[in-house]
Every structure is written in structure tokens, then in C-alpha cells.
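Trainee: Take a look at this one; I'll ask things after.
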Amino acid sequence: MLTGLTHLHHYLPFLFFIVLIISIVRAGLYKIPNVKKDILLTLTLIFAHIQLLLGLVLLVDFISLAGIHMGEAANRFVTVEHPLMMIIAVVLITIGKVKAKKTADNRGGSKIIFTYFMAALILITLITPWDKLF
């Protein structure tokens, strides 16, 4: 089962990046017809949360097997830096979606989506271990 979760956590980011970038572009161009009911924004939120939950399950397993060694940069990255930044990115995506739903007009909601989702994308691209993805 752990192997399946590892593979899913490895391949889901590709789909998540595509949906996140499409959502950002649509928000930047004000092409979201209804911010409150847009399915692509909801999918972005769902993929972000699924990816985070998979990562947290794998983190607990990694810590139980390897332990925490803060002196080693690779272990510190896997146990502290990567999970913390991903939690912050998912929180940004969630806050952006909730704030956009509460706005009265679509243009204001698109600006909020663009700002929060772009900040999350920057965090995600900075902390993603690209050498392990490809």
C-alpha cells in the first residue's frame, strides 16, 4: 500500500500543476465565469488537499522508519522544509478560494484567486524536489 501512495504522491503533482496553472491563467485573464461555482477552482483545491494528505501520510511513515536527523540536509528537507512549505501553499490556495467565494463580483474574486494561487505556485515550485520528479 505504501508503494501505491508513493507513486500517487509522485505522479499527482503533474496533474495538480496543470490545473493550478490553468486556474491562475484564467484568473489573470478574468475568464472565470462564476468564481463561486467554478469546477476548475474546486479541482485545484481538491488536488492540493489530496497531495498534502498523501505527503503527510508518507511523512509519518518516513519519520517512523528513518527518524529525524536535523544535521543531515536531505532529512531536514524531507521532514521539515518541504512539508511546512507545502502546508503553507495549500493554506494559501484554501484561503484564496474561500475569500473569492465571499466577494460580490467575479473580477474581484479573480484578482484574489490570481494573487493567492500565484503565491502558492511560487512556494510549490521553489520547494518541489524537481530531481526526484523526473
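Residues in the C-alpha cells are numbered from 1 in each chain, the chains being A, B, ... in the order shown, and ligands are numbered from 1 in the order shown.
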Neighbouring residues of Val98 (chain A) were defined as those with any atom within 10 Å, considering only C-alpha atoms; residues of the same chain fewer than 5 positions away were excluded. Please report them as a PyMOL selection string.
Mentor: chain A and resi 35-36+92-93+103+109+112-113
Trainee: Taking 6 positions as the minimum chain separation for residues in the same chain, which residues sit within 7 Å of Ser110 (chain A) when counting only C-alpha atoms? Answer as a count of residues only.
Mentor: 3
Trainee: Quick one: residues within 10 Å of Phe134 (chain A), only C-alpha atoms counted, chain neighbours fewer than 4 positions away excluded, as a PyMOL selection string?
Mentor: chain A and resi 10+129-130
Trainee: Could you give me, as a PyMOL selection string, the residues within 12 Å of Ile32 (chain A), counting only C-alpha atoms and dropping anything in the same chain fewer than 4 positions from it?
Mentor: chain A and resi 22-28+36-41+100+105-111+113-114
Trainee: Write out as a PyMOL selection string all residues of region 53-133 of chain A that DSSP puts in alpha helix (DSSP H) for this structure's backbone.
Mentor: chain A and resi 53-66+73-76+82-102+106-127+130-133
Trainee: From the list A:Pro83, A:Gly96, A:Gly71, A:Gly55, which residue is nearest Pro13 (chain A) when using only C-alpha atoms?
Mentor: A:Gly55
Trainee: Can you pull out the residues contacting Ile124 (chain A)? Cut-off 8 Å, using only C-alpha atoms, and skip same-chain residues under 4 positions away; I want them as a list in words.
Mentor: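 These residues fall inside the cut-off: Met85, Met86, Ala89, Ala120 and Thr128 of chain A.
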Trainee: Output N, CA and C atoms for every residue in the selection just made, as a CSV table (one decimal), in the first residue's frame.
Mentor:
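Once everything was written out, this is part_32.csv:
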```
chain,number,residue,atom,x,y,z
A,85,MET,N,6.4,24.1,3.9
A,85,MET,CA,6.1,25.0,2.7
A,85,MET,C,4.9,24.5,2.0
A,86,MET,N,4.7,23.2,1.8
A,86,MET,CA,3.5,22.7,1.2
A,86,MET,C,2.3,22.9,2.0
A,89,ALA,N,1.4,26.5,1.3
A,89,ALA,CA,0.9,26.7,-0.1
A,89,ALA,C,-0.5,26.2,-0.1
A,120,ALA,N,1.0,30.6,-4.0
A,120,ALA,CA,1.1,29.2,-3.7
A,120,ALA,C,2.0,28.5,-4.8
A,128,THR,N,9.7,22.2,-4.5
A,128,THR,CA,9.5,20.9,-5.1
A,128,THR,C,10.8,20.2,-5.4
```
Trainee: Can you work out the spacing between CA of Val80 (chain A) and CA of Leu53 (chain A) in Å, to one decimal?
Mentor: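 Interatomic distance here is 15.3 Å.
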Trainee: Would you please work out which residue, of A:Thr44, A:Leu5, A:Lys102, A:Ser64, is nearest to Ile21 (chain A) when using only C-alpha atoms?
Mentor: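 Closest to Ile21 (chain A), using only C-alpha atoms: A:Thr44.
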Trainee: A:Ile88, A:Leu29, A:Leu54, A:Val78: which is nearest His7 (chain A), counting only C-alpha atoms?
Mentor: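 For His7 (chain A), the nearest of the given residues is A:Leu54.
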Trainee: I'd like to know which of A:Leu65, A:Leu123, A:Leu58, A:Ile50 is closest to Thr3 (chain A), using only C-alpha atoms.
Mentor: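 For Thr3 (chain A), the nearest of the candidates is A:Leu58.
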Trainee: Distance CA of Gln51 (chain A)-CA of Lys101 (chain A), one decimal place?
Mentor: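 Spanning CA of Gln51 (chain A) to CA of Lys101 (chain A) is a straight-line distance of 22.6 Å.
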Trainee: Under the rule that only C-alpha atoms are counted, which of A:Leu56, A:His49, A:Ile95, A:Thr125 is the nearest residue to Thr6 (chain A)?
Mentor: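 The shortest atom-to-atom distance to Thr6 (chain A) comes from A:Leu56.
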Trainee: Find the residue from A:Leu52, A:Asp61, A:Asp131, A:Leu20 that sits nearest to Leu8 (chain A); use only C-alpha atoms when measuring.
Mentor: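 Nearest candidate to Leu8 (chain A) out of A:Leu52, A:Asp61, A:Asp131, A:Leu20: A:Leu52.
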Trainee: For CA of Phe17 (chain A) and CA of Ala104 (chain A), quote the distance in Å rounded to one decimal.
Mentor: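 For CA of Phe17 (chain A) relative to CA of Ala104 (chain A), the distance reads 28.1 Å.
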